[in-house]
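**Student:** Just run08.txt, nothing more (compact mmCIF, C-alpha atoms and all ligand atoms):
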```
# COMPACT_ATOMS: atom_id res chain seq x y z
CA MET H 1 101.56 130.69 123.63
CA LEU H 2 103.65 128.71 121.14
CA ILE H 3 101.95 127.22 118.12
CA VAL H 4 103.31 125.03 115.36
CA GLN H 5 101.40 125.42 112.11
CA LYS H 6 101.89 123.27 109.03
CA TYR H 7 100.69 124.25 105.56
CA GLY H 8 100.42 121.49 102.97
CA GLY H 9 101.06 121.55 99.24
CA THR H 10 97.68 122.90 98.14
CA SER H 11 97.84 125.68 100.71
CA VAL H 12 101.15 126.92 99.26
CA GLY H 13 100.41 125.83 95.67
CA THR H 14 100.71 129.30 94.09
CA LEU H 15 102.33 132.61 95.01
CA GLU H 16 98.89 134.02 95.84
CA ARG H 17 98.31 131.13 98.20
CA ILE H 18 101.68 131.63 99.86
CA ASP H 19 100.63 135.23 100.34
CA ASN H 20 97.36 134.01 101.89
CA VAL H 21 99.35 131.81 104.28
CA ALA H 22 101.60 134.76 105.13
CA ASN H 23 98.50 136.78 106.05
CA ARG H 24 97.20 133.99 108.27
CA VAL H 25 100.55 133.63 110.00
CA ALA H 26 100.78 137.40 110.41
CA LYS H 27 97.34 137.48 112.01
CA ALA H 28 98.32 134.84 114.56
CA ARG H 29 101.49 136.81 115.26
CA ASP H 30 99.44 139.99 115.79
CA GLU H 31 97.43 138.05 118.37
CA GLY H 32 100.68 137.63 120.29
CA LYS H 33 101.45 134.01 119.45
CA ASP H 34 104.94 132.62 119.00
CA LEU H 35 105.04 130.62 115.80
CA VAL H 36 106.94 127.90 114.05
CA VAL H 37 105.54 127.33 110.57
CA VAL H 38 106.32 124.13 108.67
CA VAL H 39 105.68 124.11 104.93
CA SER H 40 105.35 121.47 102.22
CA ALA H 41 106.52 121.87 98.65
CA MET H 42 104.06 123.57 96.27
CA SER H 43 101.46 121.01 95.21
CA GLY H 44 102.66 118.75 92.40
CA GLU H 45 106.27 119.79 92.94
CA THR H 46 107.47 116.59 94.65
CA ASN H 47 105.86 114.43 91.94
CA LYS H 48 107.44 116.60 89.25
CA LEU H 49 110.89 116.15 90.78
CA ILE H 50 110.37 112.38 90.94
CA GLU H 51 109.43 112.40 87.25
CA TYR H 52 112.57 114.37 86.45
CA ALA H 53 114.68 111.64 88.04
CA HIS H 54 112.71 108.90 86.25
CA TYR H 55 113.62 110.52 82.94
CA PHE H 56 117.10 109.06 83.49
CA THR H 57 116.36 105.80 85.30
CA LYS H 58 113.57 103.88 86.97
CA HIS H 59 115.71 103.28 90.05
CA PRO H 60 117.59 106.46 90.97
CA ALA H 61 119.86 106.31 94.02
CA LYS H 62 117.88 107.14 97.13
CA LYS H 63 120.51 109.51 98.53
CA GLU H 64 120.31 111.62 95.40
CA MET H 65 116.51 111.48 95.50
CA ASP H 66 116.59 112.97 98.97
CA MET H 67 118.91 115.72 97.77
CA LEU H 68 116.46 116.41 94.95
CA LEU H 69 113.15 116.13 96.81
CA SER H 70 114.18 118.18 99.82
CA SER H 71 114.59 121.18 97.50
CA GLY H 72 110.81 121.55 97.02
CA GLU H 73 110.18 122.39 100.65
CA ARG H 74 113.12 124.79 100.79
CA VAL H 75 111.60 126.88 98.02
CA THR H 76 108.33 127.39 99.90
CA ALA H 77 110.04 128.01 103.24
CA ALA H 78 112.16 130.75 101.74
CA LEU H 79 109.24 132.28 99.82
CA LEU H 80 106.99 132.35 102.88
CA SER H 81 109.72 134.00 104.91
CA ILE H 82 110.26 136.58 102.16
CA ALA H 83 106.51 137.22 101.98
CA LEU H 84 106.32 137.79 105.75
CA GLN H 85 109.35 140.09 105.73
CA ALA H 86 107.75 142.07 102.91
CA LYS H 87 104.77 142.62 105.22
CA GLY H 88 107.08 143.95 107.93
CA TYR H 89 107.37 140.81 110.07
CA GLU H 90 110.59 139.31 111.32
CA ALA H 91 110.94 135.80 109.97
CA VAL H 92 113.69 133.29 109.35
CA ALA H 93 113.59 130.25 107.05
CA MET H 94 115.39 127.07 108.10
CA THR H 95 116.16 123.77 106.41
CA GLY H 96 115.59 120.57 108.39
CA ARG H 97 119.24 120.59 109.34
CA GLN H 98 119.15 124.18 110.58
CA ALA H 99 116.08 123.30 112.62
CA GLY H 100 118.18 120.58 114.28
CA ILE H 101 116.37 117.54 112.87
CA VAL H 102 118.54 114.41 112.88
CA THR H 103 117.25 111.20 111.31
CA ASP H 104 118.41 107.64 110.71
CA ASP H 105 119.93 106.52 107.39
CA LEU H 106 116.83 105.15 105.70
CA HIS H 107 116.87 107.47 102.70
CA THR H 108 113.45 108.52 101.31
CA TYR H 109 111.76 107.02 104.38
CA ALA H 110 113.91 108.24 107.26
CA ARG H 111 112.80 108.30 110.89
CA ILE H 112 113.46 111.30 113.09
CA GLU H 113 115.90 110.32 115.85
CA SER H 114 116.31 113.62 117.63
CA ILE H 115 115.67 117.33 117.36
CA ASP H 116 117.98 119.95 118.82
CA PRO H 117 115.63 122.93 119.07
CA THR H 118 118.30 125.46 120.12
CA ALA H 119 118.35 127.43 116.85
CA MET H 120 114.56 127.56 116.62
CA ARG H 121 114.31 128.55 120.29
CA GLU H 122 116.84 131.37 119.88
CA ALA H 123 115.02 132.75 116.85
CA ILE H 124 111.69 132.62 118.69
CA ASP H 125 113.25 134.41 121.67
CA GLU H 126 114.48 137.11 119.29
CA GLY H 127 110.86 137.64 118.27
CA LYS H 128 111.14 135.93 114.89
CA ILE H 129 108.62 133.74 113.14
CA VAL H 130 110.45 130.51 112.36
CA ILE H 131 109.67 128.91 108.99
CA VAL H 132 110.89 125.33 108.58
CA ALA H 133 111.15 123.34 105.34
CA GLY H 134 109.14 120.20 106.08
CA PHE H 135 109.74 116.57 105.10
CA GLN H 136 113.51 116.58 105.73
CA GLY H 137 116.37 116.19 108.13
CA VAL H 138 119.98 115.04 108.02
CA ASN H 139 121.59 111.78 109.08
CA LYS H 140 124.57 111.63 111.40
CA GLU H 141 126.97 112.17 108.48
CA GLY H 142 125.11 115.35 107.61
CA ARG H 143 123.53 114.02 104.42
CA VAL H 144 120.03 115.23 103.72
CA THR H 145 117.22 112.69 104.20
CA THR H 146 113.46 112.83 103.62
CA LEU H 147 110.70 111.43 105.80
CA GLY H 148 108.39 109.60 103.38
CA ARG H 149 105.48 111.00 101.38
CA GLY H 150 103.34 113.40 103.35
CA GLY H 151 106.26 113.75 105.77
CA SER H 152 105.84 117.46 106.49
CA ASP H 153 103.06 116.48 108.89
CA LEU H 154 105.67 114.50 110.82
CA THR H 155 108.08 117.45 110.85
CA ALA H 156 105.37 119.63 112.38
CA VAL H 157 104.40 117.14 115.09
CA ALA H 158 108.02 116.37 115.97
CA ILE H 159 108.86 120.07 116.30
CA ALA H 160 105.74 120.67 118.40
CA GLY H 161 106.96 117.88 120.69
CA ALA H 162 110.53 119.14 120.87
CA LEU H 163 109.46 122.72 121.65
CA HIS H 164 106.61 121.66 123.97
CA ALA H 165 104.30 123.78 121.84
CA ASP H 166 100.77 124.38 123.10
CA GLN H 167 99.30 122.92 119.93
CA CYS H 168 100.05 121.78 116.41
CA GLU H 169 97.76 122.84 113.57
CA ILE H 170 97.84 120.99 110.23
CA TYR H 171 96.34 123.08 107.43
CA SER H 172 95.14 121.58 104.16
CA ASP H 173 92.30 122.09 101.69
CA VAL H 174 89.71 120.36 103.93
CA ASP H 175 88.54 121.89 107.18
CA GLY H 176 89.06 118.80 109.29
CA ILE H 177 88.73 115.04 109.47
CA TYR H 178 85.55 113.79 107.85
CA THR H 179 83.67 110.51 108.20
CA THR H 180 85.13 109.67 104.80
CA ASP H 181 87.01 111.51 102.05
CA PRO H 182 84.58 114.35 101.17
CA ARG H 183 85.77 114.15 97.57
CA ILE H 184 84.24 110.67 97.32
CA GLU H 185 81.15 111.22 99.47
CA PRO H 186 79.91 114.82 99.56
CA LYS H 187 77.55 113.85 102.39
CA ALA H 188 80.56 113.08 104.63
CA LYS H 189 80.42 114.87 107.97
CA LYS H 190 83.18 116.70 109.73
CA LEU H 191 84.16 115.26 113.12
CA ASP H 192 84.77 117.67 116.02
CA THR H 193 87.13 115.20 117.66
CA ILE H 194 88.66 111.85 116.82
CA SER H 195 90.89 109.64 118.97
CA TYR H 196 94.56 109.20 118.14
CA ASP H 197 93.94 105.47 117.63
CA GLU H 198 91.10 105.91 115.16
CA MET H 199 93.02 108.59 113.29
CA LEU H 200 96.11 106.39 113.21
CA GLU H 201 94.03 103.55 111.84
CA MET H 202 92.43 105.80 109.20
CA SER H 203 95.79 107.22 108.12
CA SER H 204 97.44 103.81 108.01
CA LEU H 205 94.53 102.46 105.97
CA GLY H 206 95.06 105.15 103.35
CA ALA H 207 93.33 108.41 104.38
CA LYS H 208 96.11 110.77 103.37
CA VAL H 209 94.70 113.76 105.24
CA LEU H 210 97.34 113.12 107.94
CA GLN H 211 100.50 111.08 107.52
CA ASN H 212 100.24 107.99 109.75
CA ARG H 213 103.65 108.42 111.35
CA SER H 214 102.75 111.93 112.41
CA VAL H 215 99.65 110.66 114.22
CA GLU H 216 101.66 107.92 115.89
CA LEU H 217 104.16 110.48 117.17
CA ALA H 218 101.44 112.91 118.27
CA LYS H 219 99.95 110.14 120.37
CA LYS H 220 103.30 109.18 121.82
CA LEU H 221 104.24 112.74 122.75
CA GLY H 222 100.69 113.83 123.64
CA VAL H 223 100.77 116.65 121.07
CA LYS H 224 97.44 118.46 120.81
CA LEU H 225 96.77 118.12 117.10
CA TYR H 226 94.24 120.02 114.98
CA ALA H 227 93.33 119.49 111.32
CA ARG H 228 92.08 122.70 109.70
CA SER H 229 91.67 124.43 106.36
CA SER H 230 93.91 127.23 105.19
CA PHE H 231 91.01 128.54 103.10
CA SER H 232 88.50 129.15 105.91
CA ASP H 233 88.29 130.01 109.59
CA ASN H 234 86.26 126.93 110.51
CA GLU H 235 86.96 125.15 113.78
CA GLY H 236 88.61 122.00 112.45
CA THR H 237 89.00 118.61 114.13
CA LEU H 238 90.88 117.91 117.35
CA ILE H 239 92.82 114.64 117.41
CA THR H 240 93.09 113.59 121.02
CA GLU H 241 92.95 110.86 123.68
CA GLU H 242 90.00 108.53 123.53
CA THR H 243 87.10 109.50 125.81
CA ASN H 244 84.25 107.30 127.02
CA SER H 245 81.68 109.07 124.87
CA MET H 246 83.68 108.14 121.76
CA GLU H 247 82.94 104.47 122.34
CA GLU H 248 79.24 105.15 121.95
CA VAL H 249 79.89 105.88 118.30
CA LEU H 250 80.12 102.54 116.56
CA VAL H 251 81.85 103.58 113.39
CA SER H 252 83.58 106.90 112.88
CA GLY H 253 84.89 106.60 109.36
CA VAL H 254 85.24 104.78 106.07
CA VAL H 255 88.55 104.76 104.21
CA LEU H 256 89.43 103.92 100.60
CA ASP H 257 92.95 102.95 99.55
CA LYS H 258 93.42 102.54 95.81
CA ASN H 259 97.15 101.98 96.08
CA GLN H 260 96.84 98.21 96.50
CA ALA H 261 97.87 95.19 94.47
CA ARG H 262 97.16 91.54 95.19
CA VAL H 263 99.56 88.64 94.75
CA THR H 264 98.33 85.03 94.91
CA LEU H 265 100.76 82.14 95.22
CA ARG H 266 99.22 78.86 94.02
CA GLY H 267 100.20 75.39 95.07
CA VAL H 268 102.42 76.38 97.97
CA THR H 269 103.89 73.35 99.76
CA ASP H 270 102.04 73.04 103.07
CA ARG H 271 104.93 72.62 105.50
CA PRO H 272 106.19 74.33 108.66
CA GLY H 273 108.39 77.35 107.87
CA ILE H 274 107.18 78.09 104.36
CA ALA H 275 105.35 81.30 105.28
CA ALA H 276 108.36 82.48 107.27
CA GLU H 277 110.61 81.90 104.26
CA ILE H 278 108.36 83.72 101.82
CA PHE H 279 107.68 86.73 104.01
CA ASN H 280 111.28 87.01 105.17
CA LYS H 281 112.36 87.26 101.54
CA LEU H 282 109.80 90.00 100.94
CA ALA H 283 110.88 91.82 104.11
CA GLU H 284 114.54 91.66 103.06
CA ALA H 285 113.53 93.50 99.89
CA ASN H 286 111.82 96.17 102.04
CA ILE H 287 108.40 95.26 100.67
CA ASN H 288 105.51 96.30 102.84
CA VAL H 289 103.10 93.39 102.94
CA ASP H 290 99.67 94.37 104.12
CA MET H 291 96.89 91.79 104.12
CA ILE H 292 97.66 88.08 104.10
CA ILE H 293 95.29 85.19 103.53
CA GLN H 294 96.12 81.49 103.61
CA ASN H 295 93.68 78.72 102.79
CA VAL H 296 93.45 75.42 104.61
CA GLY H 297 95.80 73.05 102.78
CA THR H 298 94.57 70.03 100.83
CA ASP H 299 96.82 67.27 99.47
CA GLY H 300 99.91 68.87 100.94
CA SER H 301 99.54 72.23 99.23
CA THR H 302 97.74 75.49 99.80
CA ASN H 303 97.15 78.94 98.28
CA LEU H 304 98.63 82.05 99.82
CA GLY H 305 97.50 85.57 98.95
CA PHE H 306 98.79 88.94 100.09
CA THR H 307 98.62 92.61 99.15
CA VAL H 308 101.37 95.18 98.66
CA PRO H 309 101.35 98.87 97.66
CA GLN H 310 101.06 99.13 93.86
CA SER H 311 104.46 100.80 93.63
CA GLU H 312 106.04 97.69 95.19
CA LEU H 313 104.34 95.10 92.97
CA ASP H 314 107.22 94.86 90.47
CA ASN H 315 109.62 94.34 93.31
CA ALA H 316 107.40 91.67 94.89
CA LYS H 317 107.09 89.89 91.52
CA ASN H 318 110.87 89.79 91.24
CA VAL H 319 111.31 88.38 94.70
CA MET H 320 108.69 85.68 94.15
CA GLU H 321 110.04 84.73 90.72
CA ASN H 322 113.45 84.17 92.27
CA PHE H 323 111.87 82.08 95.00
CA ASN H 324 111.98 79.04 92.76
CA HIS H 325 110.81 76.23 95.02
CA ASP H 326 107.65 75.14 96.85
CA ILE H 327 105.38 77.32 94.68
CA GLU H 328 103.52 76.15 91.56
CA GLY H 329 102.38 79.47 90.15
CA MET H 330 101.47 83.09 90.77
CA ASP H 331 98.73 85.57 89.83
CA TYR H 332 98.75 89.32 90.21
CA ASP H 333 95.96 91.84 90.25
CA GLU H 334 96.63 95.57 90.25
CA ASN H 335 92.98 96.46 89.92
CA VAL H 336 92.04 95.99 93.54
CA CYS H 337 91.44 98.44 96.35
CA LYS H 338 90.92 98.29 100.07
CA VAL H 339 87.85 99.68 101.82
CA SER H 340 87.91 99.89 105.59
CA VAL H 341 85.46 100.76 108.31
CA VAL H 342 87.02 102.26 111.47
CA GLY H 343 85.65 102.93 114.95
CA VAL H 344 86.67 102.47 118.59
CA GLY H 345 83.06 101.51 119.34
CA MET H 346 83.68 98.15 117.63
CA LYS H 347 85.57 97.07 120.74
CA SER H 348 82.32 96.96 122.69
CA HIS H 349 79.72 96.24 120.00
CA SER H 350 79.29 93.23 117.77
CA GLY H 351 77.83 92.99 114.28
CA VAL H 352 79.85 95.78 112.70
CA ALA H 353 81.75 93.44 110.39
CA ALA H 354 78.65 91.47 109.44
CA LYS H 355 76.94 94.70 108.44
CA ALA H 356 79.88 95.68 106.24
CA PHE H 357 79.77 92.31 104.46
CA SER H 358 76.03 92.45 103.84
CA THR H 359 76.26 96.02 102.59
CA LEU H 360 78.76 94.95 99.94
CA ALA H 361 76.68 91.87 99.17
CA ASP H 362 73.59 94.03 98.62
CA ASN H 363 75.59 95.93 96.03
CA ASN H 364 76.85 92.75 94.40
CA ILE H 365 80.43 93.54 95.30
CA ASN H 366 82.61 90.48 95.80
CA ILE H 367 84.99 90.51 98.76
CA GLN H 368 88.38 88.99 97.91
CA MET H 369 90.13 89.33 101.26
CA ILE H 370 89.18 90.40 104.75
CA SER H 371 91.17 91.51 107.76
CA THR H 372 89.98 92.83 111.09
CA SER H 373 91.41 94.36 114.23
CA GLU H 374 89.80 95.63 117.42
CA ILE H 375 88.79 98.86 115.76
CA LYS H 376 88.62 98.18 112.00
CA VAL H 377 87.35 95.89 109.28
CA SER H 378 89.18 95.98 105.92
CA MET H 379 88.09 94.37 102.66
CA ILE H 380 89.90 93.95 99.37
CA ILE H 381 87.54 94.38 96.40
CA ASP H 382 87.66 95.15 92.69
CA GLU H 383 89.00 98.67 92.23
CA LYS H 384 86.12 99.78 90.05
CA TYR H 385 83.68 99.35 92.95
CA GLY H 386 85.78 101.24 95.50
CA GLU H 387 83.84 104.46 95.51
CA LEU H 388 80.47 102.74 95.41
CA ALA H 389 81.52 100.65 98.40
CA VAL H 390 82.57 103.74 100.35
CA ARG H 391 79.27 105.49 99.71
CA SER H 392 77.20 102.39 100.52
CA LEU H 393 79.05 101.76 103.78
CA HIS H 394 78.80 105.43 104.70
CA ASP H 395 75.02 105.13 104.23
CA ALA H 396 74.74 101.79 106.01
CA TYR H 397 76.33 103.12 109.21
CA GLU H 398 74.37 106.37 108.84
CA LEU H 399 77.52 108.45 109.04
CA ASP H 400 75.81 111.42 107.44
CA LYS H 401 73.40 111.66 110.37
P1 LIG Q 1 98.23 118.45 102.03
O1 LIG Q 1 98.73 118.49 100.63
O2 LIG Q 1 97.85 119.80 102.57
O3 LIG Q 1 99.15 117.70 102.95
P2 LIG Q 1 96.58 116.18 101.57
O4 LIG Q 1 96.19 116.16 100.13
O5 LIG Q 1 97.72 115.33 102.00
O6 LIG Q 1 96.84 117.67 101.99
O7 LIG Q 1 95.32 115.81 102.49
C1 LIG Q 1 94.08 116.46 102.29
C2 LIG Q 1 93.16 115.56 101.47
O8 LIG Q 1 92.88 114.36 102.21
C3 LIG Q 1 91.80 116.13 101.19
O9 LIG Q 1 91.81 116.91 100.03
C4 LIG Q 1 90.90 114.90 101.07
O10 LIG Q 1 90.57 114.60 99.73
C5 LIG Q 1 91.74 113.76 101.62
N1 LIG Q 1 91.05 112.95 102.61
C6 LIG Q 1 91.03 111.59 102.62
N2 LIG Q 1 90.29 111.11 103.62
C7 LIG Q 1 89.84 112.18 104.30
C8 LIG Q 1 89.02 112.34 105.47
N3 LIG Q 1 88.52 111.28 106.13
N4 LIG Q 1 88.74 113.59 105.91
C9 LIG Q 1 89.25 114.66 105.26
N5 LIG Q 1 90.01 114.58 104.15
C10 LIG Q 1 90.32 113.37 103.67
N1 LIG Q 2 106.18 117.29 99.57
C1 LIG Q 2 106.16 115.97 100.19
C2 LIG Q 2 105.14 115.07 99.49
O1 LIG Q 2 104.53 115.48 98.54
C3 LIG Q 2 105.93 116.03 101.66
C4 LIG Q 2 104.64 116.67 102.10
O2 LIG Q 2 103.95 117.33 101.30
O3 LIG Q 2 104.28 116.52 103.26
O4 LIG Q 2 104.99 113.94 99.86
MG MG Q 3 99.47 115.60 103.25
```
Reformat the file's structure so that it appears as structure tokens.

**Tutor:**
Amino acid sequence: MLIVQKYGGTSVGTLERIDNVANRVAKARDEGKDLVVVVSAMSGETNKLIEYAHYFTKHPAKKEMDMLLSSGERVTAALLSIALQAKGYEAVAMTGRQAGIVTDDLHTYARIESIDPTAMREAIDEGKIVIVAGFQGVNKEGRVTTLGRGGSDLTAVAIAGALHADQCEIYSDVDGIYTTDPRIEPKAKKLDTISYDEMLEMSSLGAKVLQNRSVELAKKLGVKLYARSSFSDNEGTLITEETNSMEEVLVSGVVLDKNQARVTLRGVTDRPGIAAEIFNKLAEANINVDMIIQNVGTDGSTNLGFTVPQSELDNAKNVMENFNHDIEGMDYDENVCKVSVVGVGMKSHSGVAAKAFSTLADNNINIQMISTSEIKVSMIIDEKYGELAVRSLHDAYELDK
């Protein structure tokens, strides 16, 4: 049986915790399992390295950032391997390159293009535990790249796919996927299973417990994915294909994303092609536009609002300030957040959105923007009500039951 395990930043946050991980890995090895272990940088390390770079400039070159950030994961991979060897186990630490991970050129947000698992396979066949530094690969020129924040999850899933592993286990400080972030709502309940689609929606909407690209890939490759805690032996949550019984559950989770900023363009000329022009300019600047709202035009002009991640607001401002025609003025608001309700059951039941709106109304929370899909309803509200909204919605759909 071949298992890929991934330990996140908190799980390897101190030397004692790395030792704890080594013991867990050793135990699985004693049970006869073949193992590839992917590790993140120690918690806080990636942010610290980013701050180091920002000491010199606000816009460091992305290639150099990848060189810098990939070092965090190498430290933990080497330390875990050393810890296992000290306990008498055969282990080998590999960088992304040594593990055969080749990506595209999009530095700091690279996509995995291929994995040549030969080196990992040989080490496994020699009886070694393979430890891989997560979050990184190399492009075709051999330059190191990183896979976007939270990207070690993606490394683990991609390796599980490439090695046809029996399962992929993602270990963090929570023992599974909950109905909402248990740090916000202590009454949140752990789910035994969740569909790939719901999990993908939750991750994309801001639940950082799994990186969204990793869930997307797990679905594509059919990787059996578990979310578990490195601090307990609890069962965890299985992320899997949707089953019929899942549709009976109307709503499976509530998600809060505080990393949102709203831009409103006032007095936009109401003519064919204007939206295309605006959003093409934003896309050219690699700005991730999320929600968009356009009012019905009156007197030849209209208002257009959209949201972007907070980190991209400055960039979006620049783009829009240079877009010096067809717009009368702009407003920005960084103090907004997005609350979302997710569930595959929405496909077959009506009234879910209406209930979300009345729940916020009952709490006197104003909704600034709304967007819906088959399996989610998202609302932009004032940031200071984000947590209240999550708890109220969690109550309204009786997710603690
Ligand atoms: P790691 O550093 O191990 O990758 P993360 O911090 O990325 O771990 O993810 C774990 C965190 O995700 C938890 O501490 C929890 O606060 C948060 N989280 C957000 N939404 C959920 C959810 N629905 N279920 C479980 N955890 C969640
Ligand atoms: N260390 C990286 C981050 O903090 C990648 C990861 O932890 O998955 O984003
Ligand atoms: Mg993570």

**Student:** Can you tell me which residues sit at most 8 Å away from ligand LIG 1 (chain Q), counting only C-alpha atoms and all ligand atoms, written as number ranges by chain?

**Tutor:** H: 7-11, 40, 43, 150, 152-153, 170-184, 190, 202, 206-211, 253-256

**Student:** By how many Å are atom CA of H:Arg121 and atom C3 of ligand LIG 2 (chain Q) apart?

**Tutor:**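 Going from atom CA of H:Arg121 over to atom C3 of ligand LIG 2 (chain Q), I get 24.0 Å.
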
**Student:** Show me which residues line ligand LIG 2 (chain Q), defined as having an atom within 12 Å of a ligand atom where all atoms listed in the file count, and present them as a PDB file with C-alpha atoms, in the frame of the given file.

**Tutor:**
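File part17.pdb, as written:
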```pdb
ATOM      1  CA  LYS H   6     101.890 123.270 109.030  1.00  0.00           C
ATOM      2  CA  TYR H   7     100.690 124.250 105.560  1.00  0.00           C
ATOM      3  CA  GLY H   8     100.420 121.490 102.970  1.00  0.00           C
ATOM      4  CA  GLY H   9     101.060 121.550  99.240  1.00  0.00           C
ATOM      5  CA  THR H  10      97.680 122.900  98.140  1.00  0.00           C
ATOM      6  CA  SER H  11      97.840 125.680 100.710  1.00  0.00           C
ATOM      7  CA  VAL H  12     101.150 126.920  99.260  1.00  0.00           C
ATOM      8  CA  GLY H  13     100.410 125.830  95.670  1.00  0.00           C
ATOM      9  CA  VAL H  38     106.320 124.130 108.670  1.00  0.00           C
ATOM     10  CA  VAL H  39     105.680 124.110 104.930  1.00  0.00           C
ATOM     11  CA  SER H  40     105.350 121.470 102.220  1.00  0.00           C
ATOM     12  CA  ALA H  41     106.520 121.870  98.650  1.00  0.00           C
ATOM     13  CA  MET H  42     104.060 123.570  96.270  1.00  0.00           C
ATOM     14  CA  SER H  43     101.460 121.010  95.210  1.00  0.00           C
ATOM     15  CA  GLY H  44     102.660 118.750  92.400  1.00  0.00           C
ATOM     16  CA  GLU H  45     106.270 119.790  92.940  1.00  0.00           C
ATOM     17  CA  THR H  46     107.470 116.590  94.650  1.00  0.00           C
ATOM     18  CA  ASN H  47     105.860 114.430  91.940  1.00  0.00           C
ATOM     19  CA  LYS H  48     107.440 116.600  89.250  1.00  0.00           C
ATOM     20  CA  LEU H  49     110.890 116.150  90.780  1.00  0.00           C
ATOM     21  CA  ILE H  50     110.370 112.380  90.940  1.00  0.00           C
ATOM     22  CA  ASP H  66     116.590 112.970  98.970  1.00  0.00           C
ATOM     23  CA  LEU H  68     116.460 116.410  94.950  1.00  0.00           C
ATOM     24  CA  LEU H  69     113.150 116.130  96.810  1.00  0.00           C
ATOM     25  CA  SER H  70     114.180 118.180  99.820  1.00  0.00           C
ATOM     26  CA  SER H  71     114.590 121.180  97.500  1.00  0.00           C
ATOM     27  CA  GLY H  72     110.810 121.550  97.020  1.00  0.00           C
ATOM     28  CA  GLU H  73     110.180 122.390 100.650  1.00  0.00           C
ATOM     29  CA  ARG H  74     113.120 124.790 100.790  1.00  0.00           C
ATOM     30  CA  VAL H  75     111.600 126.880  98.020  1.00  0.00           C
ATOM     31  CA  THR H  76     108.330 127.390  99.900  1.00  0.00           C
ATOM     32  CA  ALA H  77     110.040 128.010 103.240  1.00  0.00           C
ATOM     33  CA  THR H 108     113.450 108.520 101.310  1.00  0.00           C
ATOM     34  CA  TYR H 109     111.760 107.020 104.380  1.00  0.00           C
ATOM     35  CA  ALA H 133     111.150 123.340 105.340  1.00  0.00           C
ATOM     36  CA  GLY H 134     109.140 120.200 106.080  1.00  0.00           C
ATOM     37  CA  PHE H 135     109.740 116.570 105.100  1.00  0.00           C
ATOM     38  CA  GLN H 136     113.510 116.580 105.730  1.00  0.00           C
ATOM     39  CA  THR H 146     113.460 112.830 103.620  1.00  0.00           C
ATOM     40  CA  LEU H 147     110.700 111.430 105.800  1.00  0.00           C
ATOM     41  CA  GLY H 148     108.390 109.600 103.380  1.00  0.00           C
ATOM     42  CA  ARG H 149     105.480 111.000 101.380  1.00  0.00           C
ATOM     43  CA  GLY H 150     103.340 113.400 103.350  1.00  0.00           C
ATOM     44  CA  GLY H 151     106.260 113.750 105.770  1.00  0.00           C
ATOM     45  CA  SER H 152     105.840 117.460 106.490  1.00  0.00           C
ATOM     46  CA  ASP H 153     103.060 116.480 108.890  1.00  0.00           C
ATOM     47  CA  LEU H 154     105.670 114.500 110.820  1.00  0.00           C
ATOM     48  CA  THR H 155     108.080 117.450 110.850  1.00  0.00           C
ATOM     49  CA  ALA H 156     105.370 119.630 112.380  1.00  0.00           C
ATOM     50  CA  VAL H 157     104.400 117.140 115.090  1.00  0.00           C
ATOM     51  CA  ILE H 170      97.840 120.990 110.230  1.00  0.00           C
ATOM     52  CA  TYR H 171      96.340 123.080 107.430  1.00  0.00           C
ATOM     53  CA  SER H 172      95.140 121.580 104.160  1.00  0.00           C
ATOM     54  CA  LYS H 208      96.110 110.770 103.370  1.00  0.00           C
ATOM     55  CA  VAL H 209      94.700 113.760 105.240  1.00  0.00           C
ATOM     56  CA  LEU H 210      97.340 113.120 107.940  1.00  0.00           C
ATOM     57  CA  GLN H 211     100.500 111.080 107.520  1.00  0.00           C
ATOM     58  CA  ASN H 212     100.240 107.990 109.750  1.00  0.00           C
ATOM     59  CA  ARG H 213     103.650 108.420 111.350  1.00  0.00           C
ATOM     60  CA  SER H 214     102.750 111.930 112.410  1.00  0.00           C
TER      61      SER H 214
END
```

**Student:** H:Leu304, H:Ile239, H:Met330, H:Ala218: which is nearest H:Asp192, counting all atoms listed in the file?

**Tutor:** H:Ile239

**Student:** Which is closest to ligand MG 3 (chain Q) among H:Thr359, H:Asp166, H:Ala227, H:Leu2, if we use all atoms listed in the file?

**Tutor:** H:Ala227

**Student:** Write out as number ranges by chain the residues lying within 9 Å of H:Cys337, counting only C-alpha atoms and excluding same-chain residues fewer than 4 positions away.

**Tutor:** H: 256-261, 379-386

**Student:** Between H:Gly236, H:Gly142, H:Gly127, H:Pro117, which is the closest to H:Tyr89 once you count all atoms listed in the file?

**Tutor:**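 Ranking H:Gly236, H:Gly142, H:Gly127, H:Pro117 by distance to H:Tyr89, first place goes to H:Gly127.
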
**Student:** Between atom CA of H:Leu221 and atom CA of H:Thr118, measure the distance and give it in Å to one decimal.

**Tutor:**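 That distance, rounded to one decimal, is 19.1 Å.
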
**Student:** Between H:Glu235, H:Ser203, H:Lys128, H:Ile115, which one has atoms that come closest to ligand MG 3 (chain Q), using all atoms listed in the file?

**Tutor:** H:Ser203

**Student:** Could you give me the centre and size, in Å to one decimal, of an axis-aligned box around all listed atoms of stretch 381-400 of chain H with 8 Å added on every side, as AutoDock Vina command-line options?

**Tutor:**
```
--center_x 81.7 --center_y 102.9 --center_z 99.6 --size_x 30.6 --size_y 33.0 --size_z 35.2
```

**Student:** Enter the distance from atom CA of H:Thr237 to atom CA of H:Thr193, in Å, rounded to one decimal.

**Tutor:**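 So the two atoms, atom CA of H:Thr237 and atom CA of H:Thr193, lie 5.3 Å apart.
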
**Student:** Could you name the residues that touch H:Ser252 at 9 Å or less, counting only C-alpha atoms, but leaving out those on the same chain fewer than 4 positions away, as a PyMOL selection string?

**Tutor:** chain H and resi 178-180+191+194+198+246+341-345+397+399
